[in-house]
>>> print(open('protein.cif').read())   # mmCIF, C-alpha atoms
data_my_file
loop_
_atom_site.group_PDB
_atom_site.id
_atom_site.type_symbol
_atom_site.label_atom_id
_atom_site.label_comp_id
_atom_site.auth_asym_id
_atom_site.auth_seq_id
_atom_site.Cartn_x
_atom_site.Cartn_y
_atom_site.Cartn_z
ATOM 1 C CA MET A 214 -39.581 -31.722 11.536
ATOM 2 C CA LYS A 215 -37.885 -32.477 8.225
ATOM 3 C CA ILE A 216 -38.447 -28.891 7.017
ATOM 4 C CA ALA A 217 -36.928 -27.470 10.193
ATOM 5 C CA LEU A 218 -33.937 -29.805 9.878
ATOM 6 C CA LEU A 219 -33.366 -28.858 6.240
ATOM 7 C CA LEU A 220 -33.692 -25.173 7.076
ATOM 8 C CA GLY A 221 -31.134 -25.549 9.849
ATOM 9 C CA ILE A 222 -28.676 -27.292 7.527
ATOM 10 C CA LEU A 223 -29.171 -24.574 4.894
ATOM 11 C CA LEU A 224 -28.606 -21.742 7.341
ATOM 12 C CA THR A 225 -25.443 -23.268 8.804
ATOM 13 C CA SER A 226 -24.026 -23.849 5.317
ATOM 14 C CA LEU A 227 -24.371 -20.186 4.335
ATOM 15 C CA PRO A 228 -21.570 -17.734 5.212
ATOM 16 C CA SER A 229 -22.539 -15.502 8.088
ATOM 17 C CA TYR A 230 -22.865 -11.750 7.671
ATOM 18 C CA SER A 231 -19.806 -11.263 9.856
ATOM 19 C CA GLN A 232 -17.827 -13.609 7.627
ATOM 20 C CA GLN A 233 -18.734 -11.581 4.548
ATOM 21 C CA LYS A 234 -17.847 -8.217 6.074
ATOM 22 C CA ASN A 235 -14.759 -6.779 7.712
ATOM 23 C CA GLN A 236 -12.134 -8.605 5.709
ATOM 24 C CA LEU A 237 -8.517 -7.696 5.046
ATOM 25 C CA GLN A 238 -6.406 -8.705 2.071
ATOM 26 C CA PHE A 239 -2.651 -8.635 2.613
ATOM 27 C CA PHE A 240 -0.110 -8.104 -0.140
ATOM 28 C CA GLN A 241 3.591 -8.768 0.211
ATOM 29 C CA THR A 242 6.098 -6.337 -1.245
ATOM 30 C CA ASP A 243 8.687 -7.862 -3.579
ATOM 31 C CA TRP A 244 11.105 -5.063 -2.628
ATOM 32 C CA GLY A 245 14.471 -6.767 -2.165
ATOM 33 C CA ARG A 246 13.391 -10.039 -3.806
ATOM 34 C CA ASN A 247 16.414 -12.153 -4.803
ATOM 35 C CA VAL A 248 14.737 -15.457 -5.703
ATOM 36 C CA SER A 249 12.610 -16.591 -8.630
ATOM 37 C CA TRP A 250 9.008 -15.483 -8.923
ATOM 38 C CA ASP A 251 7.893 -19.032 -8.306
ATOM 39 C CA ALA A 252 9.866 -19.332 -5.070
ATOM 40 C CA PHE A 253 8.805 -15.893 -3.903
ATOM 41 C CA CYS A 254 5.111 -16.462 -4.566
ATOM 42 C CA GLU A 255 5.232 -19.904 -2.942
ATOM 43 C CA LYS A 256 6.678 -18.365 0.226
ATOM 44 C CA ALA A 257 4.167 -15.499 0.207
ATOM 45 C CA LYS A 258 1.241 -17.889 -0.120
ATOM 46 C CA ALA A 259 2.575 -20.132 2.658
ATOM 47 C CA SER A 260 2.969 -17.048 4.888
ATOM 48 C CA GLY A 261 -0.695 -16.152 4.516
ATOM 49 C CA TYR A 262 -0.592 -13.435 1.871
ATOM 50 C CA ASP A 263 -3.395 -12.861 -0.614
ATOM 51 C CA GLY A 264 -1.253 -11.168 -3.227
ATOM 52 C CA ILE A 265 1.923 -9.380 -4.295
ATOM 53 C CA GLU A 266 2.609 -5.681 -4.843
ATOM 54 C CA THR A 267 5.368 -4.971 -7.344
ATOM 55 C CA TRP A 268 6.477 -2.671 -10.126
ATOM 56 C CA PHE A 269 5.065 -3.759 -13.470
ATOM 57 C CA PRO A 270 7.626 -6.105 -15.126
ATOM 58 C CA LYS A 271 9.012 -4.358 -18.180
ATOM 59 C CA LYS A 272 10.373 -7.442 -19.927
ATOM 60 C CA LEU A 273 7.902 -9.936 -21.366
ATOM 61 C CA VAL A 274 9.847 -12.946 -20.088
ATOM 62 C CA HIS A 275 9.654 -11.623 -16.519
ATOM 63 C CA ARG A 276 5.977 -10.794 -16.881
ATOM 64 C CA LEU A 277 5.174 -14.278 -18.114
ATOM 65 C CA ALA A 278 7.079 -15.874 -15.229
ATOM 66 C CA PHE A 279 5.274 -13.639 -12.752
ATOM 67 C CA ASP A 280 1.839 -14.326 -14.257
ATOM 68 C CA LYS A 281 2.523 -18.056 -14.126
ATOM 69 C CA ALA A 282 3.510 -17.882 -10.440
ATOM 70 C CA LEU A 283 0.452 -15.772 -9.543
ATOM 71 C CA GLU A 284 -1.845 -18.307 -11.162
ATOM 72 C CA LYS A 285 -0.039 -21.299 -9.676
ATOM 73 C CA TYR A 286 -0.312 -19.991 -6.104
ATOM 74 C CA ASP A 287 -3.670 -18.234 -6.531
ATOM 75 C CA LEU A 288 -2.341 -14.766 -5.683
ATOM 76 C CA LYS A 289 -3.650 -11.329 -6.645
ATOM 77 C CA VAL A 290 -1.510 -8.404 -7.770
ATOM 78 C CA ILE A 291 -1.299 -4.657 -7.183
ATOM 79 C CA TYR A 292 1.086 -2.929 -9.562
ATOM 80 C CA LEU A 293 3.219 0.096 -8.811
ATOM 81 C CA ALA A 294 3.722 2.964 -11.240
ATOM 82 C CA GLY A 295 5.546 6.257 -10.940
ATOM 83 C CA ALA A 296 6.426 9.586 -12.478
ATOM 84 C CA ASP A 297 10.018 10.004 -13.643
ATOM 85 C CA LYS A 298 11.378 13.105 -11.921
ATOM 86 C CA SER A 299 14.682 13.011 -13.802
ATOM 87 C CA VAL A 300 13.117 14.393 -16.994
ATOM 88 C CA ASP A 301 11.048 17.463 -17.830
ATOM 89 C CA PHE A 302 7.379 17.635 -16.932
ATOM 90 C CA GLU A 303 5.984 16.935 -20.410
ATOM 91 C CA THR A 304 8.178 13.885 -20.937
ATOM 92 C CA SER A 305 7.437 12.569 -17.451
ATOM 93 C CA LEU A 306 3.676 12.950 -17.924
ATOM 94 C CA ARG A 307 3.769 11.195 -21.287
ATOM 95 C CA ARG A 308 5.771 8.247 -19.899
ATOM 96 C CA TYR A 309 3.489 8.074 -16.848
ATOM 97 C CA THR A 310 0.411 7.909 -19.070
ATOM 98 C CA GLU A 311 1.913 5.219 -21.294
ATOM 99 C CA GLU A 312 2.910 3.115 -18.282
ATOM 100 C CA LEU A 313 -0.552 3.301 -16.743
ATOM 101 C CA MET A 314 -2.135 2.270 -20.046
ATOM 102 C CA ARG A 315 0.156 -0.774 -20.229
ATOM 103 C CA ILE A 316 -0.668 -1.758 -16.649
ATOM 104 C CA VAL A 317 -4.466 -1.475 -16.823
ATOM 105 C CA ALA A 318 -4.451 -3.981 -19.698
ATOM 106 C CA SER A 319 -3.343 -6.654 -17.207
ATOM 107 C CA ALA A 320 -6.347 -5.949 -14.923
ATOM 108 C CA PRO A 321 -4.658 -5.803 -11.486
ATOM 109 C CA VAL A 322 -6.602 -5.374 -8.246
ATOM 110 C CA ALA A 323 -5.358 -1.781 -8.207
ATOM 111 C CA ILE A 324 -2.459 0.454 -9.224
ATOM 112 C CA ASN A 325 -0.455 2.328 -6.608
ATOM 113 C CA CYS A 326 1.302 5.431 -7.925
ATOM 114 C CA HIS A 327 4.332 7.432 -6.902
ATOM 115 C CA THR A 328 2.757 10.507 -8.426
ATOM 116 C CA GLY A 329 4.313 13.761 -9.534
ATOM 117 C CA GLY A 330 7.151 15.330 -7.612
ATOM 118 C CA ASP A 331 7.918 17.792 -4.834
ATOM 119 C CA PHE A 332 9.529 20.203 -7.336
ATOM 120 C CA PHE A 333 6.633 20.138 -9.795
ATOM 121 C CA THR A 334 4.046 22.906 -9.473
ATOM 122 C CA PHE A 335 0.524 22.311 -8.158
ATOM 123 C CA GLU A 336 -0.868 22.392 -11.700
ATOM 124 C CA GLN A 337 1.778 19.979 -12.967
ATOM 125 C CA ASN A 338 1.114 17.501 -10.162
ATOM 126 C CA LYS A 339 -2.611 17.944 -10.767
ATOM 127 C CA ALA A 340 -2.058 16.894 -14.398
ATOM 128 C CA PHE A 341 -0.570 13.568 -13.232
ATOM 129 C CA ILE A 342 -3.472 12.976 -10.844
ATOM 130 C CA ASP A 343 -6.112 13.945 -13.423
ATOM 131 C CA THR A 344 -4.552 11.648 -16.009
ATOM 132 C CA ALA A 345 -4.517 8.712 -13.600
ATOM 133 C CA ASN A 346 -8.094 9.317 -12.498
ATOM 134 C CA LYS A 347 -9.282 9.451 -16.115
ATOM 135 C CA ILE A 348 -7.550 6.150 -16.923
ATOM 136 C CA ALA A 349 -8.963 4.585 -13.747
ATOM 137 C CA LYS A 350 -12.525 5.523 -14.670
ATOM 138 C CA GLU A 351 -12.225 4.453 -18.291
ATOM 139 C CA ASN A 352 -10.809 1.043 -17.361
ATOM 140 C CA ASP A 353 -12.590 0.418 -14.036
ATOM 141 C CA ILE A 354 -9.238 -0.157 -12.295
ATOM 142 C CA PRO A 355 -8.634 1.740 -9.014
ATOM 143 C CA ILE A 356 -5.573 3.985 -9.097
ATOM 144 C CA TYR A 357 -4.313 5.282 -5.761
ATOM 145 C CA HIS A 358 -1.651 7.921 -5.088
ATOM 146 C CA GLU A 359 0.835 7.107 -2.355
ATOM 147 C CA THR A 360 1.848 9.517 0.390
ATOM 148 C CA HIS A 361 5.559 9.492 -0.214
ATOM 149 C CA ARG A 362 8.633 11.655 0.244
ATOM 150 C CA SER A 363 9.713 13.505 -2.914
ATOM 151 C CA ARG A 364 6.212 13.254 -4.446
ATOM 152 C CA PHE A 365 3.309 15.728 -4.443
ATOM 153 C CA SER A 366 2.175 14.100 -1.196
ATOM 154 C CA PHE A 367 5.456 14.397 0.692
ATOM 155 C CA ASN A 368 3.881 16.151 3.673
ATOM 156 C CA LEU A 369 0.522 16.478 5.400
ATOM 157 C CA PRO A 370 -0.332 20.167 4.758
ATOM 158 C CA ASP A 371 0.375 20.017 1.012
ATOM 159 C CA THR A 372 -1.523 16.751 0.648
ATOM 160 C CA GLU A 373 -4.517 18.335 2.387
ATOM 161 C CA GLN A 374 -4.547 21.077 -0.257
ATOM 162 C CA TYR A 375 -4.627 18.534 -3.104
ATOM 163 C CA LEU A 376 -7.387 16.559 -1.385
ATOM 164 C CA LYS A 377 -9.529 19.675 -0.943
ATOM 165 C CA ALA A 378 -9.032 20.724 -4.564
ATOM 166 C CA LEU A 379 -9.439 17.268 -6.136
ATOM 167 C CA PRO A 380 -12.475 15.346 -4.861
ATOM 168 C CA ASP A 381 -11.599 12.239 -6.917
ATOM 169 C CA LEU A 382 -8.102 11.922 -5.436
ATOM 170 C CA LYS A 383 -7.698 8.584 -3.633
ATOM 171 C CA LEU A 384 -4.683 7.797 -1.494
ATOM 172 C CA THR A 385 -2.440 4.945 -0.544
ATOM 173 C CA LEU A 386 -1.398 5.907 2.966
ATOM 174 C CA ASP A 387 2.223 5.275 3.846
ATOM 175 C CA ILE A 388 2.263 7.454 6.913
ATOM 176 C CA SER A 389 5.774 6.353 7.906
ATOM 177 C CA HIS A 390 7.080 8.986 5.449
ATOM 178 C CA TRP A 391 5.261 11.788 7.237
ATOM 179 C CA MET A 392 6.600 10.708 10.616
ATOM 180 C CA VAL A 393 10.122 11.556 9.510
ATOM 181 C CA VAL A 394 9.170 14.557 7.343
ATOM 182 C CA HIS A 395 7.384 16.182 10.277
ATOM 183 C CA GLU A 396 9.845 14.722 12.807
ATOM 184 C CA SER A 397 7.002 13.527 14.999
ATOM 185 C CA LEU A 398 4.406 10.770 15.363
ATOM 186 C CA LEU A 399 1.872 13.428 14.293
ATOM 187 C CA GLU A 400 0.537 13.788 17.797
ATOM 188 C CA GLY A 401 -2.098 16.493 17.908
ATOM 189 C CA GLN A 402 -2.746 16.253 14.162
ATOM 190 C CA ASP A 403 -5.778 13.967 14.243
ATOM 191 C CA GLU A 404 -8.106 16.716 13.005
ATOM 192 C CA ASN A 405 -5.842 17.443 10.036
ATOM 193 C CA LEU A 406 -5.527 13.724 9.346
ATOM 194 C CA GLY A 407 -9.304 13.419 9.056
ATOM 195 C CA ILE A 408 -9.509 14.186 5.338
ATOM 196 C CA VAL A 409 -6.532 11.883 4.680
ATOM 197 C CA ILE A 410 -8.230 9.003 6.490
ATOM 198 C CA ASP A 411 -11.465 9.688 4.610
ATOM 199 C CA ARG A 412 -9.690 9.427 1.240
ATOM 200 C CA THR A 413 -7.365 6.494 1.897
ATOM 201 C CA HIS A 414 -8.208 3.273 0.038
ATOM 202 C CA HIS A 415 -5.001 1.237 0.458
ATOM 203 C CA ILE A 416 -2.290 1.126 3.122
ATOM 204 C CA HIS A 417 1.447 0.567 2.996
ATOM 205 C CA ALA A 418 2.065 -0.822 6.459
ATOM 206 C CA ARG A 419 5.529 0.112 7.647
ATOM 207 C CA VAL A 420 6.391 1.697 10.979
ATOM 208 C CA GLY A 421 8.412 4.880 10.839
ATOM 209 C CA HIS A 422 9.614 7.183 13.587
ATOM 210 C CA GLN A 423 10.641 10.766 14.176
ATOM 211 C CA GLU A 424 14.059 10.310 12.580
ATOM 212 C CA GLY A 425 13.442 7.731 9.880
ATOM 213 C CA PRO A 426 10.836 5.982 7.705
ATOM 214 C CA GLN A 427 11.533 2.504 9.101
ATOM 215 C CA VAL A 428 12.228 1.298 12.629
ATOM 216 C CA ASN A 429 14.876 -1.401 12.880
ATOM 217 C CA ASP A 430 12.471 -4.016 14.296
ATOM 218 C CA PRO A 431 8.743 -3.353 14.823
ATOM 219 C CA ALA A 432 8.605 -6.051 17.509
ATOM 220 C CA ALA A 433 11.222 -4.338 19.705
ATOM 221 C CA PRO A 434 9.744 -2.796 22.886
ATOM 222 C CA GLU A 435 11.448 0.556 22.305
ATOM 223 C CA TRP A 436 9.221 1.073 19.258
ATOM 224 C CA GLN A 437 5.937 0.221 20.985
ATOM 225 C CA ASN A 438 4.715 3.822 20.949
ATOM 226 C CA ALA A 439 5.483 4.206 17.258
ATOM 227 C CA LEU A 440 3.823 0.882 16.452
ATOM 228 C CA ASN A 441 0.701 1.781 18.405
ATOM 229 C CA ARG A 442 0.472 5.190 16.730
ATOM 230 C CA HIS A 443 0.584 3.588 13.277
ATOM 231 C CA LEU A 444 -1.943 0.922 14.279
ATOM 232 C CA ASP A 445 -4.299 3.589 15.620
ATOM 233 C CA ILE A 446 -4.231 5.495 12.321
ATOM 234 C CA TRP A 447 -4.494 2.351 10.193
ATOM 235 C CA GLU A 448 -7.470 1.175 12.241
ATOM 236 C CA LYS A 449 -9.315 4.447 11.611
ATOM 237 C CA VAL A 450 -8.767 4.076 7.874
ATOM 238 C CA ILE A 451 -9.895 0.453 7.774
ATOM 239 C CA ARG A 452 -12.999 1.032 9.879
ATOM 240 C CA LYS A 453 -13.917 4.005 7.688
ATOM 241 C CA ARG A 454 -13.802 1.848 4.544
ATOM 242 C CA TRP A 455 -15.591 -1.059 6.249
ATOM 243 C CA SER A 456 -18.415 1.298 7.250
ATOM 244 C CA GLU A 457 -18.958 2.185 3.601
ATOM 245 C CA ASN A 458 -18.899 -1.164 1.799
ATOM 246 C CA ASP A 459 -18.394 -4.910 2.147
ATOM 247 C CA GLU A 460 -15.228 -5.010 0.055
ATOM 248 C CA PRO A 461 -12.035 -6.416 1.639
ATOM 249 C CA PHE A 462 -9.561 -3.689 2.518
ATOM 250 C CA THR A 463 -6.099 -4.087 0.965
ATOM 251 C CA ILE A 464 -2.835 -3.675 2.865
ATOM 252 C CA THR A 465 0.734 -4.105 1.656
ATOM 253 C CA THR A 466 3.273 -4.884 4.370
ATOM 254 C CA GLU A 467 6.272 -2.846 3.263
ATOM 255 C CA PHE A 468 9.281 -3.168 5.500
ATOM 256 C CA GLY A 469 12.174 -2.813 3.084
ATOM 257 C CA PRO A 470 15.575 -4.440 2.657
ATOM 258 C CA PRO A 471 18.991 -2.851 3.275
ATOM 259 C CA ASN A 472 19.812 -0.045 3.079
ATOM 260 C CA TYR A 473 16.279 1.034 3.896
ATOM 261 C CA MET A 474 16.549 -1.432 6.734
ATOM 262 C CA PRO A 475 19.353 -0.411 9.111
ATOM 263 C CA THR A 476 22.543 -2.472 8.883
ATOM 264 C CA LEU A 477 25.607 -3.004 11.018
ATOM 265 C CA PRO A 478 28.650 -0.933 10.036
ATOM 266 C CA TYR A 479 31.334 -2.459 7.829
ATOM 267 C CA THR A 480 29.571 -5.816 7.369
ATOM 268 C CA GLN A 481 26.244 -4.265 6.239
ATOM 269 C CA ILE A 482 24.414 -7.150 7.893
ATOM 270 C CA PRO A 483 20.741 -6.204 8.366
ATOM 271 C CA VAL A 484 19.777 -5.822 12.001
ATOM 272 C CA THR A 485 16.561 -7.804 11.565
ATOM 273 C CA ASP A 486 14.814 -10.041 9.053
ATOM 274 C CA GLN A 487 12.691 -8.186 6.492
ATOM 275 C CA TRP A 488 10.235 -11.030 5.920
ATOM 276 C CA LYS A 489 9.808 -11.554 9.656
ATOM 277 C CA ALA A 490 9.121 -7.830 10.155
ATOM 278 C CA ASN A 491 6.421 -7.861 7.496
ATOM 279 C CA ILE A 492 4.782 -10.963 8.972
ATOM 280 C CA PHE A 493 4.816 -9.269 12.384
ATOM 281 C CA ILE A 494 2.967 -6.263 10.955
ATOM 282 C CA MET A 495 0.414 -8.478 9.224
ATOM 283 C CA GLU A 496 -0.294 -10.355 12.447
ATOM 284 C CA ALA A 497 -0.424 -7.141 14.505
ATOM 285 C CA LEU A 498 -3.019 -5.691 12.142
ATOM 286 C CA LYS A 499 -5.092 -8.877 12.177
ATOM 287 C CA GLU A 500 -5.080 -8.860 15.966
ATOM 288 C CA ARG A 501 -5.940 -5.162 16.156
ATOM 289 C CA MET A 502 -8.831 -5.529 13.687
ATOM 290 C CA GLY A 503 -10.087 -8.836 15.094
ATOM 291 C CA VAL A 504 -9.786 -10.845 11.881
ATOM 292 C CA LYS A 505 -8.197 -14.195 11.163
#
>>> encode(input="protein.cif", output="structure tokens")
Amino acid sequence: MKIALLLGILLTSLPSYSQQKNQLQFFQTDWGRNVSWDAFCEKAKASGYDGIETWFPKKLVHRLAFDKALEKYDLKVIYLAGADKSVDFETSLRRYTEELMRIVASAPVAINCHTGGDFFTFEQNKAFIDTANKIAKENDIPIYHETHRSRFSFNLPDTEQYLKALPDLKLTLDISHWMVVHESLLEGQDENLGIVIDRTHHIHARVGHQEGPQVNDPAAPEWQNALNRHLDIWEKVIRKRWSENDEPFTITTEFGPPNYMPTLPYTQIPVTDQWKANIFIMEALKERMGVK
């Protein structure tokens, strides 16, 4: 009797298999932040976020303040990096490499890159991707390449070509960009999206539409079709990763501030609240995926 009782207590104290699997980790964008790092991180933690995604602070004083806030509120970090398209290819690649080497030293959860450019050649963009992948392997830090307008991945067909040629290429999927580039919700493109879904390891969760990369309010009923289309694609990505390992899947909610967010004329008052929009997306994804 005592053995059975002890066994029962032990089993109930262990986390269940379902608790260990199928987890999401949400990161809040600091895009548009106008408060201190401490205040921002406090609000993110209180809102249910697991971490922050931001560009790597260039000044030491800002980096120290950020590190202190992350530790204080027990938050993780994903850093952004990007290729400078305003300079020649060689200079841009050198700066890109140096920036990635600085970032990996801080051991983030991952690095999300705005990689290459739409006016660089295939081989030039490949050089950026190869460099990032080499640094990722050497430092055991995941580096993902975001689907983004003006980068190598600015549209679906071109991105497919890179994915087929580069088996180590891993994506951050911000599919809102492709909605406006292709002026559609990519209906009828599920077969072509297959390889993209297979190679996506991080999501930027923002709802775009046929004429822009960000709807004015994702909770508004007129955007229900667009919201559902994004959720459908995000769900396929998440379930694909969950089927392969027990690691939490990372998502950054990325509704942006004005002028990315539509504003009223003359006053430039934003038509909705950026933080509220990002919370809405986080909750919609939790509900869709059945997680708390």
>>> resolve_selection(input="protein.cif", expression="the PyMOL selection byres ((chain A and resi 418-434) around 8)", output="PyMOL selection string")
chain A and resi 387-390+392-398+416-417+435-437+439-440+443+464-468+473-475+484-485+490+493-494
>>> resolve_selection(input="protein.cif", expression="the PyMOL selection byres ((chain A and resi 505) around 12)", output="ChimeraX atom specification")
/A:232,235-239,261,495-504
>>> write_last_selection(input="protein.cif", atoms="C-alpha atoms", output="PDB file, in the frame of the given file")
ATOM      1  CA  GLN A 232     -17.827 -13.609   7.627  1.00  0.00           C
ATOM      2  CA  ASN A 235     -14.759  -6.779   7.712  1.00  0.00           C
ATOM      3  CA  GLN A 236     -12.134  -8.605   5.709  1.00  0.00           C
ATOM      4  CA  LEU A 237      -8.517  -7.696   5.046  1.00  0.00           C
ATOM      5  CA  GLN A 238      -6.406  -8.705   2.071  1.00  0.00           C
ATOM      6  CA  PHE A 239      -2.651  -8.635   2.613  1.00  0.00           C
ATOM      7  CA  GLY A 261      -0.695 -16.152   4.516  1.00  0.00           C
ATOM      8  CA  MET A 495       0.414  -8.478   9.224  1.00  0.00           C
ATOM      9  CA  GLU A 496      -0.294 -10.355  12.447  1.00  0.00           C
ATOM     10  CA  ALA A 497      -0.424  -7.141  14.505  1.00  0.00           C
ATOM     11  CA  LEU A 498      -3.019  -5.691  12.142  1.00  0.00           C
ATOM     12  CA  LYS A 499      -5.092  -8.877  12.177  1.00  0.00           C
ATOM     13  CA  GLU A 500      -5.080  -8.860  15.966  1.00  0.00           C
ATOM     14  CA  ARG A 501      -5.940  -5.162  16.156  1.00  0.00           C
ATOM     15  CA  MET A 502      -8.831  -5.529  13.687  1.00  0.00           C
ATOM     16  CA  GLY A 503     -10.087  -8.836  15.094  1.00  0.00           C
ATOM     17  CA  VAL A 504      -9.786 -10.845  11.881  1.00  0.00           C
TER      18      VAL A 504
END
>>> residues_around(input="protein.cif", residues="Tyr309 (chain A)", least_positions_apart="6", cutoff="9 Å", atoms="only C-alpha atoms", output="ChimeraX atom specification")
/A:294-297,328,341,344-345
>>> write_last_selection(input="protein.cif", atoms="C-alpha atoms", output="CSV table (one decimal), in the coordinates of the input")
chain,number,residue,atom,x,y,z
A,294,ALA,CA,3.7,3.0,-11.2
A,295,GLY,CA,5.5,6.3,-10.9
A,296,ALA,CA,6.4,9.6,-12.5
A,297,ASP,CA,10.0,10.0,-13.6
A,328,THR,CA,2.8,10.5,-8.4
A,341,PHE,CA,-0.6,13.6,-13.2
A,344,THR,CA,-4.6,11.6,-16.0
A,345,ALA,CA,-4.5,8.7,-13.6
>>> atom_distance(input="protein.cif", atom1="CA of Arg315 (chain A)", atom2="CA of Asp280 (chain A)")
14.9 Å
>>> resolve_selection(input="protein.cif", expression="the PyMOL selection byres ((chain A and resi 246-257) around 8)", output="compact mmCIF listing (two decimals) with C-alpha atoms, in the coordinates of the input")
# COMPACT_ATOMS: atom_id res chain seq x y z
CA GLN A 241 3.59 -8.77 0.21
CA ASP A 243 8.69 -7.86 -3.58
CA TRP A 244 11.10 -5.06 -2.63
CA GLY A 245 14.47 -6.77 -2.16
CA LYS A 258 1.24 -17.89 -0.12
CA ALA A 259 2.58 -20.13 2.66
CA SER A 260 2.97 -17.05 4.89
CA GLY A 261 -0.70 -16.15 4.52
CA TYR A 262 -0.59 -13.44 1.87
CA GLY A 264 -1.25 -11.17 -3.23
CA ILE A 265 1.92 -9.38 -4.30
CA ALA A 278 7.08 -15.87 -15.23
CA PHE A 279 5.27 -13.64 -12.75
CA LYS A 281 2.52 -18.06 -14.13
CA ALA A 282 3.51 -17.88 -10.44
CA LEU A 283 0.45 -15.77 -9.54
CA TYR A 286 -0.31 -19.99 -6.10
CA LEU A 288 -2.34 -14.77 -5.68
>>> axis_aligned_box(input="protein.cif", around="region 289-300 of chain A", padding_each_side="4 Å", output="lines of an AutoDock Vina configuration file")
center_x = 5.5
center_y = 1.5
center_z = -11.8
size_x = 26.3
size_y = 33.7
size_z = 18.3
>>> closest_residue(input="protein.cif", among="A:Ile324, A:Leu382, A:Leu477, A:Ile342", to="Leu306 (chain A)", atoms="all atoms listed in the file")
A:Ile342
>>> residues_near_point(input="protein.cif", point="(0.6, 17.5, -15.7)", cutoff="10 Å", atoms="only C-alpha atoms", output="PyMOL selection string")
chain A and resi 302-307+309+329+333-344
>>> atom_distance(input="protein.cif", atom1="CA of Lys350 (chain A)", atom2="CA of Arg412 (chain A)")
16.6 Å
>>> closest_residue(input="protein.cif", among="A:Glu404, A:Trp268, A:Ala323, A:Pro470", to="Ile482 (chain A)", atoms="all atoms listed in the file")
A:Pro470
>>> closest_residue(input="protein.cif", among="A:Gln402, A:Asn472, A:Asn352, A:Gln374", to="Ile316 (chain A)", atoms="only C-alpha atoms")
A:Asn352
>>> atom_distance(input="protein.cif", atom1="CA of Ile356 (chain A)", atom2="CA of Ile492 (chain A)")
25.6 Å
>>> closest_residue(input="protein.cif", among="A:His414, A:Tyr357, A:Val290, A:Leu273", to="Leu313 (chain A)", atoms="only C-alpha atoms")
A:Tyr357
>>> closest_residue(input="protein.cif", among="A:Thr310, A:Ser319, A:Ser363, A:Thr372", to="Ile348 (chain A)", atoms="only C-alpha atoms")
A:Thr310
>>> closest_residue(input="protein.cif", among="A:Phe240, A:Thr360, A:Leu293, A:Pro471", to="Glu312 (chain A)", atoms="all atoms listed in the file")
A:Leu293
>>> build_atoms(input="protein.cif", residues="region 461-471 of chain A", atoms="N, CA, C and O atoms", output="CSV table (one decimal), in the frame of the given file")
chain,number,residue,atom,x,y,z
A,461,PRO,N,-13.2,-6.3,0.8
A,461,PRO,CA,-12.0,-6.4,1.6
A,461,PRO,C,-11.1,-5.2,1.5
A,461,PRO,O,-11.0,-4.7,0.4
A,462,PHE,N,-10.5,-4.8,2.6
A,462,PHE,CA,-9.6,-3.7,2.5
A,462,PHE,C,-8.2,-4.2,2.3
A,462,PHE,O,-7.7,-5.2,2.9
A,463,THR,N,-7.4,-3.6,1.4
A,463,THR,CA,-6.1,-4.1,1.0
A,463,THR,C,-5.0,-3.4,1.7
A,463,THR,O,-5.0,-2.2,1.9
A,464,ILE,N,-4.0,-4.2,2.1
A,464,ILE,CA,-2.8,-3.7,2.9
A,464,ILE,C,-1.6,-4.3,2.3
A,464,ILE,O,-1.6,-5.6,2.1
A,465,THR,N,-0.6,-3.6,2.0
A,465,THR,CA,0.7,-4.1,1.7
A,465,THR,C,1.7,-3.9,2.8
A,465,THR,O,1.9,-2.8,3.3
A,466,THR,N,2.2,-5.0,3.3
A,466,THR,CA,3.3,-4.9,4.4
A,466,THR,C,4.6,-4.5,3.7
A,466,THR,O,5.0,-5.2,2.7
A,467,GLU,N,5.2,-3.4,4.1
A,467,GLU,CA,6.3,-2.8,3.3
A,467,GLU,C,7.6,-2.5,4.0
A,467,GLU,O,8.2,-1.5,3.7
A,468,PHE,N,7.9,-3.3,5.0
A,468,PHE,CA,9.3,-3.2,5.5
A,468,PHE,C,10.3,-3.5,4.4
A,468,PHE,O,10.1,-4.5,3.7
A,469,GLY,N,11.3,-2.6,4.2
A,469,GLY,CA,12.2,-2.8,3.1
A,469,GLY,C,13.5,-3.5,3.5
A,469,GLY,O,13.8,-3.6,4.6
A,470,PRO,N,14.3,-3.8,2.4
A,470,PRO,CA,15.6,-4.4,2.7
A,470,PRO,C,16.7,-3.4,2.9
A,470,PRO,O,16.4,-2.2,2.8
A,471,PRO,N,17.9,-3.8,3.2
A,471,PRO,CA,19.0,-2.9,3.3
A,471,PRO,C,19.1,-2.1,1.9
A,471,PRO,O,18.8,-2.7,0.9
